[in-house]
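What follows is a set of notes on a single structure, which appears directly below.
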Protein chains: 2
Amino acid sequence: MKIALAQLNYTIGAFDENADKMIRSIQDARNQGARLVIFSELSVTGYPPLDLLEHKYFIEKTEQSVQNIIEHTKDIGVIFGSPIVNDEPKGKNLFNAAYFIFNRKILGIARKALLPTYDIFDEYRYFQPHEETEVIEFEGIRFGLTICEDLWYKQPLLTNFGKNKLYPYNPMDSMAGKHPDIIINIAASPFAYNHDEIKSAILTYNAEKYHLPVIYVNQAGAQTELIFDGGSRVVNRDGRVVRRMKNFSEDFILIDSDTSFNVPALNVNEEDDLIPKIHDALILGIKDYFGKMGFKSAVLGLSGGIDSSVTLVLAVEALGAENVRVLLMPSKYSSGHSVTDAVKLADNLGIQYDIISIKEIVEKFESSLKPVFKDLPEDIAEENVQARIRGTLLMAVSNKFGNILLNTSNKSEAAVGYGTLYGDMNGGLSVLGDVYKTDVFRLARYINRDTEVIPESVLTKPPSAELRPDQKDTDSLPDYELLDGILYRYIELRKSAGEIITDGFDEEIVNKVIRMVNINEYKRFQTPPILRVSSKAFGMGRRMPLVARY
Amino acid sequence: MKIALAQLNYTIGAFDENADKMIRSIQDARNQGARLVIFSELSVTGYPPLDLLEHKYFIEKTEQSVQNIIEHTKDIGVIFGSPIVNDEPKGKNLFNAAYFIFNRKILGIARKALLPTYDIFDEYRYFQPHEETEVIEFEGIRFGLTICEDLWYKQPLLTNFGKNKLYPYNPMDSMAGKHPDIIINIAASPFAYNHDEIKSAILTYNAEKYHLPVIYVNQAGAQTELIFDGGSRVVNRDGRVVRRMKNFSEDFILIDSDTSFNVPALNVNEEDDLIPKIHDALILGIKDYFGKMGFKSAVLGLSGGIDSSVTLVLAVEALGAENVRVLLMPSKYSSGHSVTDAVKLADNLGIQYDIISIKEIVEKFESSLKPVFKDLPEDIAEENVQARIRGTLLMAVSNKFGNILLNTSNKSEAAVGYGTLYGDMNGGLSVLGDVYKTDVFRLARYINRDTEVIPESVLTKPPSAELRPDQKDTDSLPDYELLDGILYRYIELRKSAGEIITDGFDEEIVNKVIRMVNINEYKRFQTPPILRVSSKAFGMGRRMPLVARY
């Protein structure tokens with residue numbers, strides 16, 4: 001049997017657009033001789049619809065859209081994902097379901113058994129888990145229909161605390177008892193730079209354990225902070241990957257159940273360099289934020305430093321040079337090379353730039369504040385005024401011309417609160433907020449791999465906020481290699497101060513860094529959405545109390 | 001048996017402070033002849049500890065603190081709440097548990113069966129539900145030990161979509177089969193202005209159904225946006241409230257199991273005017289945000305309008321006049337009465353105020369932006385510059401003197417995006433962000449109930465942002481009575497446009513308002529924490545996708 005795998009990019013709540021895409025893929029599949037076409041999890045609504053699922057009208061629209069899709073299944077089998085109402089008097093209102101339709105008839109509905117409720121996932125907020133599994137026979141083949149986490153009974157354990165079995169039972173055990181021939185897994189599994197390998201391992205684990213081929217269909221596309229990377233794949237009954245779809249873009253392939261599981265395994269090394277993956281993920285993240293919001297153009301502040309330079313290059317790759325403009329906003333503390341480096345980069349990229357000195361606005365603020373501040377010495381208050389003037393100028397351009405402001409803060413800064421709220425922390429989207437400073441440098445090197453796009457001096461000068469004379473980041477922060485080593489252990493691995501010190505880091509620095517992370521929760525509370533590329537990003541997947549002592 | 005109910009205010013993660021408070025209450029209880037003292041849910045850690053629960057060191061500290069408390073239980077029974085590790089190989093890492101200790105021995109541990117995972121609750125993110133119930137006999141009385149939601153098998157249904165039975169079973173049925181004499185319910189149940197009545201109804205429902213008295217012990221105190229209102233109570237076996245502890249503050253009472261359930265029921269009307277409750281809740285919210293963060297003083301911008309006036313009065317009540325200062329920042333569009341009303345209010349309250357005209361800073365911004373804006377007509381960009389200059393001045397004072405900026409936006413504005421990001425939306429805490437404009441007026445009337453604290457003209461002049469000549473809120477928004485009626489139905493009741501129109505609202509206005517709510521998710525994403533006083537506040541309890549079409 002020819003089976004089509006449709007890896008599409010959905011927009012949450014855009015029912016007609018999502019359905020139209022799916023219907024076009026059904027037609028393509030039919031035209032190419034497929035008997036079955038498979039879409040990803042909650043494809044009808046887009047994933048994750050979050051609290052839209054709590055609105056009756058949203059579910060009514062979902063049901064209409066399902067009907068619309070069903071109408072287009074003449075002579076072809078179609079598997080797609082949708083929330084469905086739980087008719088039982090007890091339990092959550094909805095199931096996270098997979099429809100199996102053929103010729104306008106429902107052959108079966110699978111309901112998700114394992115509901116991820118950790119990190120960025122909140123599925124038990126909306127859905128009732130459903131223990132019974134579904135095997136559907138279609139044209140002589142028995143398809144075991146599963147939804148994403150249903151295959152994740154045995155989880156990878158990324159920290160020193162927890163279990164690798166989060167759920168009380170394994171739905172695949174009952175599924176296996178029903179003797180399926182092929183396991184279908186429709187998914188909405190977001191990108192993290194170390195997650196690709198884990199996904200393959202999970203597919204391999206299930207295929208090997210039950211000696212069944214697995215067809216995994218993911219969505220491709222960003223949903224605010226979450227970047228769904230596609231990478232749908234087919235695993236044979238020995239657990240070897242035999243087909244793999246594109247990363248970070250839509251894709252459509254046909255496989256044949258008679259032959260595709262028997263071809264030689266692909267030579268895939270998921271441990272390939274991670275920087276190109278992060279690079280591609282961020283570009284998709286920018287592109288979809290703008291495209292799905294109906295925005296075309298971006299603005300950002302270009303300081304001559306590494307963060308804004310890398311953000312700019314990514315924005316230009318995502319949106320085109322004609323859709324990105326920058327402001328250069330030197331102060332009396334800006335070094336000459338800041339402006340020349342920024343101008344050089346703007347010229348290299350062929351983008352519009354304007355230079356607005358903030359010197360006189362700073363002076364006007366200082367004289368206005370003088371009656372209140374009197375003769376108190378200059379401190380962080382004056383530094384922040386500069387950052388906030390820049391933030392205000394950028395927002396003025398954003399408001400006047402409709403360019404969305406991109407935030408240029410990196411994860412190291414966001415972690416330790418090295419940034420000004422309502423100043424350089426402004427923006428509609430944070431591009432690098434999940435990328436540590438040391439990786440921002442790696443991204444810059446990767447961008448410059450063929451030609452010097454970002455001026456070399458940007459990569460070699462010591463990082464500085466330039467808010468006071470001769471300021472360097474290392475005045476307030478440890479060296480970035482050291483800082484990022486501590487932050488990664490504290491944030492991603494959730495190690496304690498004691499454990500990080502045991503890893504060989506200096507006690508005083510570790511305690512200082514952890515304290516900075518903890519006391520800056522209030523700043524991160526108000527940051528823009530951050531494109532998630534790691535296993536633990538600031539944002540919806542990391543919920544720390546703001547008022548607390550720890 | 002004499003039983004002490006200790007309704008305390010905990011700080012999340014402040015193990016020593018929380019334990020010290022509990023140990024003092026144990027001593028008080030012992031001194032007063034009590035045989036048993038009862039604390040609230042997760043009293044050891046404070047509630048909600050959120051993702052701190054995912055850190056091994058946090059749980060280790062929890063266990064040490066539990067040991068410390070157990071050491072102080074000589075000759076007295078103590079019930080308190082704490083997370084405990086789930087030793088099973090499967091399931092979530094923790095249980096949400098209640099310890100029953102006597103004389104340094106564990107008599108029993110109850111594990112929460114029903115884990116709220118909706119609105120502001122995320123318990124299934126951290127905890128494994130536990131079906132088995134715990135009845136513990138102590139000095140001849142059989143205590144049925146439950147934790148908050150365990151009594152909420154039958155839920156109130158506040159919207160038109162959902163079920164009133166969220167869970168697959170009722171732990172109270174199995175509990176009843178074990179023949180307890182008294183039900184203990186340790187809770188962490190946050191305030192919402194309509195929730196007090198619901199709480200009593202739930203207690204009454206259980207008491208009546210199982211013909212058992214219920215002792216309900218809640219925490220009192222705010223945890224960032226959540227305000228726990230205390231109001232612990234004792235319900236007799238007929239479901240009548242016979243004792244009620246203070247709202248919005250710590251309290252400690254003794255009851256006697258021989259006599260207390262037999263006294264006449266209290267004459268409690270939970271439907272009393274809601275405005276005084278909201279008033280008291282907000283003051284507690286401000287007080288605990290500052291107190292638990294270690295801050296003393298606040299600053300805010302006083303415009304002469306109703307929102308900043310009410311915020312100021314609440315701040316003064318919470319922190320004292322000596323700890324609150326304001327900035328008056330008139331522009332060329334400010335009316336004369338704005339400044340005189342603001343000065344009059346500041347004088348009434350006896351607080352420090354400074355006047356900084358923003359006129360010249362505005363001009364400097366405009367001349368700096370001129371080469372970029374050229375001759376484009378003035379629009380929202382220029383209006384926002386004014387708001388952002390004010391935000392920057394306020395943050396400068398905050399940074400210089402250590403006063404935390406209080407945000408003065410109301411829920412109506414936050415809903416429709418009538419506010420400037422990085423301008424008047426700035427602040428460490430939003431005081432009125434869950435209070436509709438019409439209720440802000442009611443709060444002002446309540447504040448003025450005895451004397452004219454807020455100048456009468458503030459309550460009677462038409463609301464205006466004063467960002468352009470003769471601007472009125474009604475230029476862009478429907479009348480607030482109408483607006484709030486639509487917003488309440490859309491946000492709290494989750495009605496669709498169609499349903500709201502059926503309720504008698506104008507179709508065009510309804511569609512316009514709903515559209516404004518939907519497209520302004522991006523602004524609310526970056527707002528400060530909002531003190532929650534309603535059943536559906538912006539913030540952690542309302543998670544709408546930002547990039548979406550609906």
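FYI, nothing fancy with the structure tokens labels: chains A, B, ... in order, residues from 1 per chain, ligands from 1 as they appear.
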
Report the closest atom pair, with its distance in Å rounded to one decimal, for each residue of chain B that has an atom no farther than 6 Å from chain A; count only C-alpha atoms, sort by chain and then rising residue number, and write it as a tab-separated table.
residue	atom	partner	partner_atom	distance
B:Ile12	CA	A:Ala548	CA	4.7
B:Gly13	CA	A:Arg549	CA	5.0
B:Ala14	CA	A:Arg549	CA	5.3
B:Leu50	CA	A:Met544	CA	5.7
B:Asp51	CA	A:Met544	CA	5.3
B:Lys56	CA	A:Phe161	CA	5.7
B:Lys90	CA	A:Lys165	CA	4.9
B:Gly91	CA	A:Leu166	CA	4.2
B:Lys92	CA	A:Leu166	CA	5.3
B:Asn93	CA	A:Gly162	CA	5.4
B:Thr117	CA	A:Arg125	CA	5.1
B:Tyr118	CA	A:Arg125	CA	5.3
B:Arg125	CA	A:Thr117	CA	5.1
B:Phe161	CA	A:Lys56	CA	5.6
B:Gly162	CA	A:Asn93	CA	5.4
B:Lys165	CA	A:Lys90	CA	4.9
B:Leu166	CA	A:Gly91	CA	4.1
B:Tyr167	CA	A:Gly91	CA	4.7
B:Pro168	CA	A:Gly91	CA	5.7
B:Thr224	CA	A:Val547	CA	5.4
B:Met293	CA	A:Val547	CA	5.9
B:Ile361	CA	A:Lys364	CA	6.0
B:Lys364	CA	A:Ile361	CA	6.0
B:Ala381	CA	A:Asn399	CA	4.9
B:Ala396	CA	A:Ala381	CA	5.2
B:Asn399	CA	A:Ala381	CA	4.9
B:Lys400	CA	A:Ala381	CA	5.3
B:Tyr422	CA	A:Tyr422	CA	4.9
B:Gln526	CA	A:Gln526	CA	4.3
B:Thr527	CA	A:Gln526	CA	5.8
B:Arg543	CA	A:Asp51	CA	5.4
B:Met544	CA	A:Asp51	CA	5.3
B:Val547	CA	A:Thr224	CA	5.3
B:Ala548	CA	A:Ile12	CA	4.7
B:Arg549	CA	A:Gly13	CA	5.0
B:Tyr550	CA	A:Gly13	CA	5.4

Go ahead and write the selection's residues with N, CA, C and O atoms as a compact mmCIF listing (two decimals), in the first residue's frame.
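This went into selection-v5.txt:
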# COMPACT_ATOMS: atom_id res chain seq x y z
N ILE B 12 7.12 31.16 49.84
CA ILE B 12 7.59 30.02 49.06
C ILE B 12 9.10 29.88 49.16
O ILE B 12 9.84 30.84 48.92
N GLY B 13 9.54 28.71 49.55
CA GLY B 13 10.98 28.43 49.63
C GLY B 13 11.65 28.91 50.90
O GLY B 13 12.82 28.60 51.12
N ALA B 14 10.93 29.65 51.75
CA ALA B 14 11.54 30.16 52.99
C ALA B 14 11.34 29.11 54.09
O ALA B 14 10.54 29.29 55.01
N LEU B 50 5.63 25.80 42.32
CA LEU B 50 5.88 25.69 40.87
C LEU B 50 7.10 24.82 40.58
O LEU B 50 7.30 23.79 41.23
N ASP B 51 7.93 25.23 39.62
CA ASP B 51 9.01 24.36 39.15
C ASP B 51 10.15 24.19 40.15
O ASP B 51 11.08 23.42 39.88
N LYS B 56 15.99 18.74 42.81
CA LYS B 56 16.29 17.78 43.86
C LYS B 56 16.65 18.47 45.17
O LYS B 56 16.20 18.08 46.24
N LYS B 90 7.12 4.13 38.81
CA LYS B 90 6.34 4.81 37.77
C LYS B 90 5.63 6.03 38.32
O LYS B 90 5.32 6.09 39.50
N GLY B 91 5.30 6.92 37.42
CA GLY B 91 4.47 8.07 37.80
C GLY B 91 5.30 9.30 38.08
O GLY B 91 6.53 9.28 38.02
N LYS B 92 4.60 10.37 38.40
CA LYS B 92 5.27 11.63 38.70
C LYS B 92 6.14 11.46 39.93
O LYS B 92 5.91 10.59 40.77
N ASN B 93 7.06 12.35 40.05
CA ASN B 93 8.10 12.27 41.08
C ASN B 93 7.61 12.46 42.51
O ASN B 93 8.26 12.04 43.44
N THR B 117 -5.78 20.88 37.70
CA THR B 117 -4.91 21.25 36.58
C THR B 117 -5.78 22.04 35.61
O THR B 117 -6.24 21.53 34.59
N TYR B 118 -6.08 23.24 36.02
CA TYR B 118 -6.90 24.17 35.24
C TYR B 118 -6.66 25.55 35.81
O TYR B 118 -6.11 25.70 36.90
N ARG B 125 1.34 18.64 36.79
CA ARG B 125 2.71 18.87 36.30
C ARG B 125 3.73 18.25 37.24
O ARG B 125 4.80 17.83 36.82
N PHE B 161 -19.29 25.52 29.05
CA PHE B 161 -18.59 24.42 28.40
C PHE B 161 -17.79 23.71 29.48
O PHE B 161 -17.00 24.33 30.19
N GLY B 162 -17.99 22.43 29.58
CA GLY B 162 -17.23 21.68 30.57
C GLY B 162 -18.15 20.78 31.35
O GLY B 162 -19.32 20.62 31.04
N LYS B 165 -17.87 17.36 36.85
CA LYS B 165 -17.09 16.27 37.43
C LYS B 165 -15.85 16.06 36.59
O LYS B 165 -15.89 15.43 35.53
N LEU B 166 -14.76 16.59 37.08
CA LEU B 166 -13.51 16.59 36.31
C LEU B 166 -12.70 15.33 36.49
O LEU B 166 -11.76 15.09 35.74
N TYR B 167 -13.02 14.56 37.52
CA TYR B 167 -12.14 13.44 37.89
C TYR B 167 -12.89 12.12 37.77
O TYR B 167 -14.12 12.08 37.93
N PRO B 168 -12.15 11.02 37.56
CA PRO B 168 -12.84 9.75 37.32
C PRO B 168 -13.47 9.12 38.57
O PRO B 168 -14.30 8.24 38.44
N THR B 224 2.88 36.22 44.84
CA THR B 224 2.89 36.94 43.57
C THR B 224 1.45 37.31 43.19
O THR B 224 0.82 38.08 43.91
N MET B 293 9.36 40.05 49.11
CA MET B 293 10.50 40.33 48.25
C MET B 293 11.56 41.14 49.01
O MET B 293 12.64 41.38 48.48
N ILE B 361 11.34 66.93 27.01
CA ILE B 361 11.87 65.63 26.57
C ILE B 361 11.11 65.16 25.33
O ILE B 361 11.72 64.65 24.38
N LYS B 364 12.51 66.91 22.40
CA LYS B 364 13.83 66.40 22.02
C LYS B 364 13.70 65.08 21.26
O LYS B 364 14.39 64.85 20.27
N ALA B 381 2.38 56.70 17.27
CA ALA B 381 3.82 56.66 17.58
C ALA B 381 4.19 57.79 18.54
O ALA B 381 4.87 57.57 19.55
N ALA B 396 13.49 55.46 36.39
CA ALA B 396 14.71 56.14 36.87
C ALA B 396 14.61 56.39 38.37
O ALA B 396 15.55 56.14 39.13
N ASN B 399 14.92 53.00 40.08
CA ASN B 399 16.31 52.53 40.12
C ASN B 399 17.16 53.35 41.08
O ASN B 399 18.03 52.82 41.77
N LYS B 400 16.91 54.65 41.14
CA LYS B 400 17.75 55.52 41.97
C LYS B 400 17.47 55.33 43.46
O LYS B 400 18.39 55.28 44.27
N TYR B 422 5.88 49.23 27.65
CA TYR B 422 7.11 49.94 28.03
C TYR B 422 6.81 51.39 28.40
O TYR B 422 7.71 52.22 28.49
N GLN B 526 3.63 40.58 28.11
CA GLN B 526 4.75 41.28 28.74
C GLN B 526 4.35 42.14 29.94
O GLN B 526 5.14 42.95 30.39
N THR B 527 3.13 41.96 30.42
CA THR B 527 2.72 42.78 31.57
C THR B 527 3.27 42.21 32.87
O THR B 527 3.60 41.03 32.96
N ARG B 543 -4.17 31.15 29.42
CA ARG B 543 -3.03 30.87 28.54
C ARG B 543 -3.51 30.80 27.10
O ARG B 543 -3.88 29.74 26.61
N MET B 544 -3.51 31.93 26.46
CA MET B 544 -3.98 31.97 25.08
C MET B 544 -2.77 32.03 24.16
O MET B 544 -1.77 32.68 24.48
N VAL B 547 0.58 33.78 18.78
CA VAL B 547 0.50 33.70 17.32
C VAL B 547 -0.62 32.74 16.97
O VAL B 547 -0.48 31.52 17.14
N ALA B 548 -1.74 33.26 16.55
CA ALA B 548 -2.91 32.43 16.27
C ALA B 548 -3.94 33.30 15.57
O ALA B 548 -3.84 34.53 15.60
N ARG B 549 -4.92 32.66 14.96
CA ARG B 549 -5.98 33.41 14.30
C ARG B 549 -7.31 32.93 14.89
O ARG B 549 -7.67 31.78 14.75
N TYR B 550 -7.99 33.81 15.59
CA TYR B 550 -9.28 33.41 16.18
C TYR B 550 -10.10 34.65 16.47
O TYR B 550 -9.58 35.74 16.42

Checklist outcome for this item: Same-sequence pair chain A/chain B: after least-squares overlay on all Cα in order, RMSD is 0.0 Å

Item to check | DSSP-assigned strand (DSSP E or B) members of segment 210-364 of chain B, reported as JSON, numbers by chain | outcome: {"B": [214, 215, 216, 217, 220, 221, 222, 223, 226, 227, 228, 229, 230, 233, 234, 235, 241, 242, 243, 244, 247, 251, 252, 253, 254, 255, 256, 298, 299, 300, 301, 324, 325, 326, 327, 328, 352, 353, 354, 355]}

Checklist entry - For Asp238 of chain B, which residue among B:Tyr205, B:Glu317, B:Tyr216, B:Lys105 is the nearest when counting only C-alpha atoms? => result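 The closest residue to Asp238 of chain B is B:Tyr205.
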
Checklist entry - If we count only C-alpha atoms, what is near Thr311 of chain A at a cut-off of 7 Å, once residues fewer than 3 positions away on the same chain are taken out, given as a ChimeraX atom specification? => result /A:307-308,314-315,408,431

Produce a file of the selected residues containing N, CA, C and O atoms, as a short mmCIF file (atom, residue, chain, number, x, y, z; two decimals), in the first residue's frame.
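This went into again-v9.cif:
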data_model
loop_
_atom_site.label_atom_id
_atom_site.label_comp_id
_atom_site.auth_asym_id
_atom_site.auth_seq_id
_atom_site.Cartn_x
_atom_site.Cartn_y
_atom_site.Cartn_z
N ASP A 307 25.40 40.20 19.63
CA ASP A 307 24.01 39.73 19.71
C ASP A 307 23.13 40.39 18.65
O ASP A 307 22.38 39.72 17.95
N SER A 308 23.23 41.71 18.56
CA SER A 308 22.37 42.38 17.57
C SER A 308 22.84 42.05 16.17
O SER A 308 22.01 41.96 15.24
N LEU A 314 20.02 36.81 11.03
CA LEU A 314 18.92 35.83 11.02
C LEU A 314 17.63 36.46 10.52
O LEU A 314 16.88 35.84 9.75
N ALA A 315 17.38 37.70 10.94
CA ALA A 315 16.16 38.39 10.51
C ALA A 315 16.18 38.61 9.00
O ALA A 315 15.16 38.43 8.32
N THR A 408 17.14 41.44 21.06
CA THR A 408 18.45 40.87 20.74
C THR A 408 19.17 40.29 21.95
O THR A 408 20.36 39.96 21.87
N VAL A 431 14.85 36.56 19.73
CA VAL A 431 15.43 35.59 18.79
C VAL A 431 16.48 34.73 19.49
O VAL A 431 16.53 33.51 19.30
#

Item to check | Two-atom distance - atom CA of Glu492 of chain B, atom CA of Phe441 of chain B (Å) | outcome: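 That distance, rounded to one decimal, is 19.8 Å.
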
Item to check | Gap from atom CA of Ser40 of chain A to atom CA of Val217 of chain A - Å, one decimal | outcome: 5.4 Å

Next on the checklist: Based on the backbone DSSP call, show me all residues of segment 36-168 of chain A assigned alpha helix (DSSP H), as a PyMOL selection string.
Outcome noted: chain A and resi 56-71

Checklist entry - Do you know which residues are at most 8 Å from segment 332-334 of chain A counting only C-alpha atoms, after dropping those on the same chain fewer than 2 positions away, and could you put them as a ChimeraX atom specification? => result /A:330,336,338-339,359,466-470

Could you turn the residues from that selection into a file that holds N, CA and C atoms, as a compact mmCIF listing (two decimals), in the first residue's frame?
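To be explicit, this is the file written out as out32.txt:
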# COMPACT_ATOMS: atom_id res chain seq x y z
N PRO A 330 24.07 55.72 18.98
CA PRO A 330 25.25 55.91 19.82
C PRO A 330 25.02 56.94 20.93
N GLY A 336 33.98 54.31 18.82
CA GLY A 336 33.92 54.55 17.38
C GLY A 336 33.61 53.28 16.62
N SER A 338 31.87 50.80 17.36
CA SER A 338 30.48 50.34 17.44
C SER A 338 29.71 50.79 16.22
N VAL A 339 29.85 52.07 15.91
CA VAL A 339 29.11 52.59 14.76
C VAL A 339 29.69 52.06 13.45
N LYS A 359 22.54 61.29 22.69
CA LYS A 359 23.26 62.15 23.62
C LYS A 359 22.38 63.28 24.18
N GLU A 466 28.36 49.27 26.92
CA GLU A 466 28.67 50.68 26.61
C GLU A 466 27.69 51.66 27.25
N LEU A 467 27.42 51.46 28.52
CA LEU A 467 26.53 52.37 29.24
C LEU A 467 27.30 53.27 30.21
N ARG A 468 28.60 53.03 30.34
CA ARG A 468 29.46 53.94 31.10
C ARG A 468 30.87 53.82 30.52
N PRO A 469 31.77 54.72 30.90
CA PRO A 469 33.08 54.74 30.24
C PRO A 469 33.82 53.41 30.43
N ASP A 470 34.34 52.88 29.33
CA ASP A 470 35.19 51.68 29.34
C ASP A 470 34.55 50.46 30.00

Checklist entry - Excluding same-chain residues fewer than 2 positions from Val214 of chain A, what lies within 12 Å of it counting only C-alpha atoms, as a ChimeraX atom specification? => result /A:143-148,151,172,180-186,200,202-212,216-217,232-243,257,260-261

Neighbouring residues of Pro462 of chain B were defined as those with any atom within 9 Å, considering only C-alpha atoms; residues of the same chain fewer than 4 positions away were excluded. Please report them as a PDB file with N, CA and C atoms, in the first residue's frame.
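What ended up in around26.pdb:
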ATOM      1  N   VAL B 458     -12.123  63.619  40.386  1.00  0.00           N
ATOM      2  CA  VAL B 458     -11.470  62.459  39.761  1.00  0.00           C
ATOM      3  C   VAL B 458     -12.521  61.417  39.390  1.00  0.00           C
ATOM      4  N   LYS B 472     -10.517  61.564  24.701  1.00  0.00           N
ATOM      5  CA  LYS B 472     -11.348  60.856  25.694  1.00  0.00           C
ATOM      6  C   LYS B 472     -11.243  59.359  25.413  1.00  0.00           C
ATOM      7  N   ASP B 473     -11.325  58.545  26.482  1.00  0.00           N
ATOM      8  CA  ASP B 473     -11.302  57.093  26.270  1.00  0.00           C
ATOM      9  C   ASP B 473     -12.397  56.663  25.306  1.00  0.00           C
ATOM     10  N   THR B 474     -13.538  57.364  25.387  1.00  0.00           N
ATOM     11  CA  THR B 474     -14.675  56.973  24.539  1.00  0.00           C
ATOM     12  C   THR B 474     -14.445  57.293  23.057  1.00  0.00           C
TER      13      THR B 474
END

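Coordinates place atom CA of Ile500 of chain B at a distance of 6.8 Å from atom CA of Ile486 of chain B.
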
Item to check | Nearby residues (only C-alpha atoms) at most 10 Å from Asn403 of chain B, same-chain spacing under 5 positions excluded, as a list in words | outcome: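 Contacts, in chain order: Phe295, Lys296, Ser297, Ala298, Val299, Leu300, Asn323, Val324, Arg325, Leu394, Met395, Ala396, Val397 and Ser398 of chain B.
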